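Asks: What follows is a single structure, and I will ask about it in a moment.
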Amino acid sequence: MATPLRLAALLLVLVAAFASAARADLVVSRADRKVDLTSHIVRVLTSLKVENAGSEPVSKVLLAFPNIQAKNLAAIRAFGTEGKVKGLSSVLPIEVVEPSGVPPELTFFSASLHKPLQKGKILHLDVLTVFTHFLQPFPEEITQADSQLVVFQDSSHYLSPYPVKVQTLSIRLPGGRVESYTKYGNTKLVDSELKYGPYEDVPPFSYNPIIVHFENNNPFAVAKELIREIEISHWGNVQITEHYNIVHGGARLKGEFSRLDYQSRPYARGVSSFRHLIARLPARAHSIYYRDEIGNISTSHLWSDSKKTQLEIEPRFPLFGGWQTTFTIGYGLPLQDFVFSADGKRFLNITFGSPMEEILIEKLIVKVVLPEGSKDIDVSAPFPTNQWQEVVPHWTIDN
Amino acid sequence: PRPAPRADETLAQIPPPRPPMAAAASTMLESLPAPLLRALRLKTKQQELLLRVSALALIYVLAFAVRLFSVLRYESMIHEFDPYFNYRTTLYLTEHGYSEFWNWFDHESWYPLGRVVGGTLFPGLMVTAALLHRLLRALSLAVHIREVCVLTAPFFAANTTLVAYAFGREIWDSGAGLVAAALIAVCPGYISRSVAGSYDNEGVAIFALLLTFYLFVRAVNTGSLAWSLAAAFGYFYMVSAWGGYVFIINLLPLYVLVLLVTGRYSQRLYVAYNCTYVLGMLLGMQIRFVGFQHVQSGEHMAAMGVFFLLQVFFFLDWVKYMLNDVKLFKSFLRITLTCVISVGTLALGIGTASGYISPWTGRFYSLLDPTYAKDHIPIIASVSEHQPTAWSSFMFDFHILLFLFPAGLYFCFKRLSDATIFIVMYGLTSMYFAGVMVRLILVAAPAVCLISAIAVSATIKNLTTLIRSKSKSPQTTGKTTGSKAAAKGAVDQPLPFQHNVAVALLLGAFYLLSRYAIHCTWVTSEAYSSPSIVLSARGHNGGRVIFDDYREAYYWLRQNTPTDAKIMSWWDYGYQITAMGNRTVIVDNNTWNNTHIATVGRAMSSYEDEAYEIMQSLDVNYVLVVFGGVTGYSSDDINKFLWMVRIGGGVFPVIKEPDYLVNGEYRVDKGASPKMLNCLMYKLCYYRFGELTTEYGKPPGYDRVRGVEIGNKDIKLEYLEEAFTTSNWIVRIYKVKPPKNRS
């Protein structure tokens with residue numbers, strides 16, 4: 001009994017020590033958080049108004065996340081402007097930092113300002129964070145007729161190393177049933193929008209847990225692995241091949257799958273499943289195919305206009321919770337749209353990600369196949385990647 | 001200055017044109033054509049060669065192209081059932097290499113027995129495709145093995161046309177060869193088994209069969225050891241490719257016997273048969289699946305007997321030559337024959353009695369006696385392609401060849417030679433077998449094409465000579481056409497209207513042949529180019545509706561069942577489940593273990609609780625049934641069910657066919673027998689079907705295949721639960737529940 005208690009005490013002291021150090025400089029005068037829970041990917045936009053209350057100029061703003069959230073953090077971006085009113089904002093570089101004397105349960109990111117914030121000045125900081133695997137299905141197993149319920153956990157107070165004067169939290173839910181949510185003062189649920197706050201004068205590192213249990217039947221499409229092959233040919237074509245391994249990441253199906261129920265009342269019996277995915281391909285995509293290991297899949301539709309090509313693909317069977325499937329899509333793109341040359345070198349400028357909408361990719365491998373005899377290969381990616389090169393045999397007939 | 005080309009100069013003597021001299025160039029252009037044309041003007045023989053080669057090249061391309069309907073209409077995919085096994089093994093061969101393939105023990109089929117794949121298949125097809133694949137890769141063509149497999153059959157069909165040409169030339173003349181090549185290129189009987197995607201043994205085996213026959217006939221005609229050796233290798237390829245090699249090993253001795261009896265024995269025959277038989281037998285033994293059958297099985301004994309007979313014949317011939325005394329020779333002959341016959345009979349008797357020589361197999365019997373399978377081996381009789389052939393399918397598969405065949409036989413008898421005797425025997429025996437089993441139309445197709453080609457070629461040749469000689473000098477007609485048949489040629493004096501009649505007959509022949517070409521294309525497109533794994537139907541607005549249910553179900557199995565799951569289904573779908581679903585099956589299309597299949601048949605025809613015990617003993621996790629009641633797909637498990645009962649009942653007498661029938665009638669509606677309405681197969685097919693309205697104006701639970709309202713609409717499953725049903729209900733998969741906890 002004694003040891004945990006002592007540890008907890010030590011932790012508190014540490015937090016207090018660090019907090020006091022931070023509080024000396026910055027104060028968050030307003031924090032508005034908007035959490036979007038409409039899909040299975042959680043997007044949080046935090047608008048902060050940061051004031052330098054100390055005497056020294058400050059060049060870094062710390063952002064704190066509990067480790068359980070940080071491990072699900074897929075992307076973080078910060079935009080900042082200085083001044084009374086919001087103007088054009090600029091992207092601030094962000095890095096993971098480990099300030100001394102902070103509790104190990106927290107992960108810190110630091111946004112570096114382009115120029116230090118002088119005493120008494122105000123900084124508008126917008127932080128966009130994207131979390132994956134954040135919504136936990138509960139119950140974990142449902143039948144075909146059940147809706148999928150998920151649990152969202154967060155704090156009603158903005159977790160910050162700085163004191164927060166005024167703050168609000170609004171959570172957008174996908175609509176449909178809300179099973180339960182944590183009620184504090186100043187909590188109200190209006191039209192699938194859950195609002196907490198405003199709260200005033202909250203001390204640093206204040207954590208006030210909330211749990212929202214609600215219905216979310218949007219496709220929980222998770223790509224366990226995606227291999228993208230980008231093949232560049234001399235003959236004016238960029239051939240893209242994408243191998244997907246998709247699983248329904250929501251609540252697992254238990255019991256029977258009845259085709260009769262599914263086809264007679266698809267919205268009542270099978271509401272948690274999804275049967276198609278939509279890919280937005282670049283405008284001039286051509287020679288599109290959709291197949292898997294045992295042949296062509298005939299259920300797909302294609303629309304195209306001058307801006308984009310939209311491909312709607314239907315896997316061979318509807319995906320219920322826990323079911324998976326694999327498939328491959330491929331398409332050709334005109335070379336001149338993606339490859340340009342300068343200074344005697346050629347540059348390929350192409351996106352890393354998948355064209356699928358609302359899909360979560362756990363492991364992404366991008367292979368770029370360059371024409372025979374390419375040399376001085378140099379890669380610049382927007383985030384750290386593992387890279388390797390291999391030589392593959394070349395074939396007589398290129399496409 | 002350049003000498004003007006003389007008219008009689010050849011093209012090679014013209015000096016090359018000089019660029020700056022425009023005037024000279026123009027004069028050259030004027031003067032060029034004369035010698036050029038002269039150079040291009042070929043002698044008649046060269047012209048004929050050119051025509052022949054280009055016709056053959058066109059036939060080659062046509063034979064390949066006409067088989068591509070399915071690829072163009074559907075996709076490059078493997079068809080039917082057995083090809084999926086062949087594809088799977090070929091994939092294994094290319095991925096793991098030859099020795100791994102040879103030693104492959106497949107535990108994904110025939111659970112829990114497994115199957116020694118390397119020792120129980122004919123590897124010719126797989127090795128051929130793998131070699132083609134390797135060749136293409138060596139040429140840096142990045143093709144997938146699937147494309148090679150899909151196109152193997154058309155490629156070999158195209159090669160068969162070349163063999164048919166050579167064969168036709170060997171037995172008749174090059175004209176007949178050309179016609180034979182053209183006929184076989186589009187013959188529906190052959191196309192049915194060689195369209196793109198039909199990756200089955202027969203695809204290469206027909207090529208090997210015809211090649212072996214051609215080489216053997218060539219060897220008999222020439223008496224050359226080289227051709228005999230080639231025939232032995234052709235035979236080896238055939239043995240490696242298809243079980244139908246038994247046809248060769250029985251036809252050749254029969255042919256030799258006929259030649260002996262008709263007094264056509266020759267040294268050439270002796271060399272050809274001995275060399276082909278001995279080497280072919282030794283080579284054939286190298287195939288593990290065949291092994292020592294050449295010396296141990298009853299089906300191969302005829303060849304061996306004729307081999308010894310030929311030696312005796314040769315010996316007697318030699319003794320006769322040495323003895324020069326007729327009386328002495330006659331007594332010697334009597335003694336020798338008695339000895340030989342008694343030794344032979346004794347050897348055969350001892351061999352059979354001791355079990356060294358195995359008796360004829362049931363399959364062989366069923367070929368000789370069409371009713372044998374029905375009474376003794378239901379598993380052979382249950383396969384649709386093993387049914388006796390209907391007249392309509394002869395007509396469908398041969399069209400005008402059916403009428404030309406007797407005509408060709410007439411021509412063959414008219415000009416008897418060793419070669420024509422062979423083709424006549426091939427034609428007659430294979431036609432008999434084609435009558436016994438639908439699938440053997442395939443074996444008859446080359447013979448029918450060759451014999452018909454003789455008829456076509458001889459007739460047309462007669463008619464054209466008639467027309468030509470009439471226009472030149474009517475007096476010589478009798479001489480030139482004397483050797484040919486038909487009444488017109490036999491007279492010296494031209495008949496009245498002979499020319500016109502000949503023209504009319506020629507036009508008629510062309511009309512018939514063009515009808516044949518149209519029929520063949522139509523049949524190929526309509527009947528033989530469907531992959532049978534993807535079904536299609538015409539929709540309400542005339543558009544094509546695709547039912548891709550099989551692949552939907554197999555892919556679901558592949559993705560959403562545990563990798564070690566065991567699937568029970570009727571054996572028809574075994575190969576497809578292992579190849580596309582990648583899961584272990586209890587039985588598959590390699591019907592080597594009748595008891596195992598009967599066990600599955602018994603489970604399907606038992607009540608659910610009894611079936612559950614059988615399924616538990618076989619570790620079954622999922623049961624797959626095929627059901628056509630929603631779409632009207634008639635080759636479903638309910639229609640196959642009586643065979644399951646029969647095969648199951650053949651081994652387990654508890655299953656009795658009359659229990660499932662009412663007054664000898666098979667029905668699924670209210671009047672059906674209670675056993676039928678409650679057996680596992682019925683329950684799995686019709687589970688919750690009673691709630692579904694399939695057709696407007698019909699009560700729910702209306703089966704569109706049987707055309708009745710089902711008799712048991714309230715089906716409850718106790719030990720199984722529905723795991724997956726495809727979008728058109730064609731494939732239904734049930735999960736076997738784990739045993740209940742004992743309380």
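If you're wondering about the labels, chains in the structure tokens are A, B, ... by order shown, residues count from 1 in each chain, ligands from 1 in order shown.
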So that I can check the secondary structure, give me every residue of segment 45-167 of chain B assigned strand (DSSP E or B) by backbone DSSP, as a list in words.
Replies: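 Of segment 45-167 of chain B, the ones in strand (DSSP E or B) are Phe105, Asp106, Arg115 and Val116 of chain B.
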Asks: Could you save the residues just selected, with N, CA, C and O atoms, as a tab-separated table (two decimals), in the first residue's frame?
Replies:
chain	number	residue	atom	x	y	z
B	105	PHE	N	3.19	-33.87	-51.17
B	105	PHE	CA	2.07	-34.49	-50.47
B	105	PHE	C	1.10	-33.39	-50.09
B	105	PHE	O	1.43	-32.49	-49.31
B	106	ASP	N	-0.08	-33.44	-50.65
B	106	ASP	CA	-1.04	-32.36	-50.46
B	106	ASP	C	-1.95	-32.71	-49.30
B	106	ASP	O	-2.77	-33.62	-49.39
B	115	ARG	N	-3.26	-36.46	-50.08
B	115	ARG	CA	-3.08	-37.04	-51.40
B	115	ARG	C	-1.63	-36.87	-51.84
B	115	ARG	O	-1.07	-35.78	-51.72
B	116	VAL	N	-1.05	-37.95	-52.34
B	116	VAL	CA	0.32	-37.88	-52.88
B	116	VAL	C	0.17	-37.33	-54.30
B	116	VAL	O	-0.05	-38.07	-55.24
Asks: Write down, as a list in words, each residue of chain A that has any atom within 9 Å of an atom of chain B, counting only C-alpha atoms.
Replies: Gly255, Glu256, Phe257, Ser258, Arg259, Leu260, Gln263, Ser264, Glu293, Ile294, Gly295, Asn296, Ile297, Ser298, Pro315, Arg316, Phe317, Gly322, Trp323, Gln324, Thr325, Thr326, Pro393, His394, Trp395, Thr396 and Ile397 of chain A
Asks: Given the selection you just returned, output its residues as a file containing N, CA and C atoms, formatted as a PDB file, in the first residue's frame.
Replies:
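selection.pdb was written with the following content:
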ATOM      1  N   GLY A 255     -22.481 -14.746 -34.457  1.00  0.00           N
ATOM      2  CA  GLY A 255     -23.674 -15.461 -34.904  1.00  0.00           C
ATOM      3  C   GLY A 255     -23.775 -15.501 -36.413  1.00  0.00           C
ATOM      4  N   GLU A 256     -24.997 -15.668 -36.897  1.00  0.00           N
ATOM      5  CA  GLU A 256     -25.208 -15.909 -38.309  1.00  0.00           C
ATOM      6  C   GLU A 256     -25.078 -14.660 -39.150  1.00  0.00           C
ATOM      7  N   PHE A 257     -24.708 -14.889 -40.413  1.00  0.00           N
ATOM      8  CA  PHE A 257     -24.925 -13.857 -41.417  1.00  0.00           C
ATOM      9  C   PHE A 257     -26.058 -14.359 -42.287  1.00  0.00           C
ATOM     10  N   SER A 258     -27.160 -13.671 -42.268  1.00  0.00           N
ATOM     11  CA  SER A 258     -28.298 -14.112 -43.061  1.00  0.00           C
ATOM     12  C   SER A 258     -28.433 -13.236 -44.295  1.00  0.00           C
ATOM     13  N   ARG A 259     -28.309 -13.869 -45.442  1.00  0.00           N
ATOM     14  CA  ARG A 259     -28.442 -13.122 -46.686  1.00  0.00           C
ATOM     15  C   ARG A 259     -29.873 -12.626 -46.845  1.00  0.00           C
ATOM     16  N   LEU A 260     -30.814 -13.417 -46.379  1.00  0.00           N
ATOM     17  CA  LEU A 260     -32.221 -13.021 -46.507  1.00  0.00           C
ATOM     18  C   LEU A 260     -32.471 -11.703 -45.795  1.00  0.00           C
ATOM     19  N   GLN A 263     -30.573  -8.815 -47.592  1.00  0.00           N
ATOM     20  CA  GLN A 263     -31.077  -8.281 -48.855  1.00  0.00           C
ATOM     21  C   GLN A 263     -32.482  -7.721 -48.734  1.00  0.00           C
ATOM     22  N   SER A 264     -33.228  -8.165 -47.727  1.00  0.00           N
ATOM     23  CA  SER A 264     -34.581  -7.612 -47.635  1.00  0.00           C
ATOM     24  C   SER A 264     -34.591  -6.275 -46.884  1.00  0.00           C
ATOM     25  N   GLU A 293      -6.843 -12.064 -56.245  1.00  0.00           N
ATOM     26  CA  GLU A 293      -6.023 -13.224 -56.586  1.00  0.00           C
ATOM     27  C   GLU A 293      -6.745 -14.214 -57.479  1.00  0.00           C
ATOM     28  N   ILE A 294      -8.074 -14.230 -57.450  1.00  0.00           N
ATOM     29  CA  ILE A 294      -8.760 -15.232 -58.256  1.00  0.00           C
ATOM     30  C   ILE A 294      -9.479 -14.620 -59.447  1.00  0.00           C
ATOM     31  N   GLY A 295      -9.171 -13.388 -59.788  1.00  0.00           N
ATOM     32  CA  GLY A 295      -9.709 -12.860 -61.032  1.00  0.00           C
ATOM     33  C   GLY A 295     -10.324 -11.486 -60.893  1.00  0.00           C
ATOM     34  N   ASN A 296     -10.945 -11.097 -61.968  1.00  0.00           N
ATOM     35  CA  ASN A 296     -11.536  -9.773 -62.058  1.00  0.00           C
ATOM     36  C   ASN A 296     -12.770  -9.672 -61.166  1.00  0.00           C
ATOM     37  N   ILE A 297     -12.975  -8.504 -60.582  1.00  0.00           N
ATOM     38  CA  ILE A 297     -14.185  -8.281 -59.790  1.00  0.00           C
ATOM     39  C   ILE A 297     -15.055  -7.339 -60.604  1.00  0.00           C
ATOM     40  N   SER A 298     -16.250  -7.794 -60.914  1.00  0.00           N
ATOM     41  CA  SER A 298     -17.028  -7.042 -61.897  1.00  0.00           C
ATOM     42  C   SER A 298     -17.831  -5.902 -61.285  1.00  0.00           C
ATOM     43  N   PRO A 315     -16.296  -4.728 -52.911  1.00  0.00           N
ATOM     44  CA  PRO A 315     -15.644  -6.017 -52.706  1.00  0.00           C
ATOM     45  C   PRO A 315     -16.606  -7.153 -53.032  1.00  0.00           C
ATOM     46  N   ARG A 316     -16.082  -8.352 -53.150  1.00  0.00           N
ATOM     47  CA  ARG A 316     -16.926  -9.486 -53.553  1.00  0.00           C
ATOM     48  C   ARG A 316     -18.074  -9.710 -52.587  1.00  0.00           C
ATOM     49  N   PHE A 317     -17.871  -9.377 -51.306  1.00  0.00           N
ATOM     50  CA  PHE A 317     -18.929  -9.578 -50.321  1.00  0.00           C
ATOM     51  C   PHE A 317     -18.937  -8.380 -49.391  1.00  0.00           C
ATOM     52  N   GLY A 322     -14.798  -7.464 -38.413  1.00  0.00           N
ATOM     53  CA  GLY A 322     -13.838  -8.550 -38.337  1.00  0.00           C
ATOM     54  C   GLY A 322     -13.592  -9.256 -39.661  1.00  0.00           C
ATOM     55  N   TRP A 323     -14.450  -9.049 -40.648  1.00  0.00           N
ATOM     56  CA  TRP A 323     -14.236  -9.679 -41.949  1.00  0.00           C
ATOM     57  C   TRP A 323     -13.175  -8.909 -42.703  1.00  0.00           C
ATOM     58  N   GLN A 324     -12.472  -9.619 -43.553  1.00  0.00           N
ATOM     59  CA  GLN A 324     -11.455  -8.947 -44.338  1.00  0.00           C
ATOM     60  C   GLN A 324     -11.507  -9.380 -45.785  1.00  0.00           C
ATOM     61  N   THR A 325     -10.839  -8.630 -46.620  1.00  0.00           N
ATOM     62  CA  THR A 325     -10.729  -8.997 -48.025  1.00  0.00           C
ATOM     63  C   THR A 325      -9.463  -8.357 -48.581  1.00  0.00           C
ATOM     64  N   THR A 326      -9.014  -8.875 -49.690  1.00  0.00           N
ATOM     65  CA  THR A 326      -7.869  -8.262 -50.349  1.00  0.00           C
ATOM     66  C   THR A 326      -8.231  -8.006 -51.799  1.00  0.00           C
ATOM     67  N   PRO A 393      14.546  -7.356 -62.402  1.00  0.00           N
ATOM     68  CA  PRO A 393      14.816  -7.604 -63.824  1.00  0.00           C
ATOM     69  C   PRO A 393      13.892  -6.747 -64.686  1.00  0.00           C
ATOM     70  N   HIS A 394      14.345  -6.400 -65.840  1.00  0.00           N
ATOM     71  CA  HIS A 394      13.479  -5.593 -66.699  1.00  0.00           C
ATOM     72  C   HIS A 394      12.871  -6.458 -67.781  1.00  0.00           C
ATOM     73  N   TRP A 395      11.760  -6.003 -68.266  1.00  0.00           N
ATOM     74  CA  TRP A 395      10.988  -6.796 -69.220  1.00  0.00           C
ATOM     75  C   TRP A 395      10.960  -6.123 -70.564  1.00  0.00           C
ATOM     76  N   THR A 396      10.767  -6.939 -71.571  1.00  0.00           N
ATOM     77  CA  THR A 396      10.825  -6.420 -72.931  1.00  0.00           C
ATOM     78  C   THR A 396       9.677  -5.469 -73.208  1.00  0.00           C
ATOM     79  N   ILE A 397       8.497  -5.885 -72.826  1.00  0.00           N
ATOM     80  CA  ILE A 397       7.338  -5.052 -73.153  1.00  0.00           C
ATOM     81  C   ILE A 397       6.989  -4.202 -71.945  1.00  0.00           C
TER      82      ILE A 397
END
Asks: If we count only C-alpha atoms and set the cut-off at 7 Å, which residues sit around Val50 of chain A, ignoring sequence neighbours fewer than 5 positions away in its own chain? Please answer as a list in words.
Replies: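 These residues fall inside the cut-off: Leu26, Val27, Val28, Ser29, Ile122, Leu123 and His124 of chain A.
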Asks: Work out how far apart atom CA of Ala181 of chain B and atom CA of Phe167 of chain B are and give it in Å to one decimal.
Replies: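 These atoms are spaced 9.3 Å apart.
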Asks: List every residue of segment 30-270 of chain A that DSSP, applied to the backbone of this structure, assigns to helix (DSSP H, G or I), and report them as a PyMOL selection string.
Replies: chain A and resi 67-70+259-264
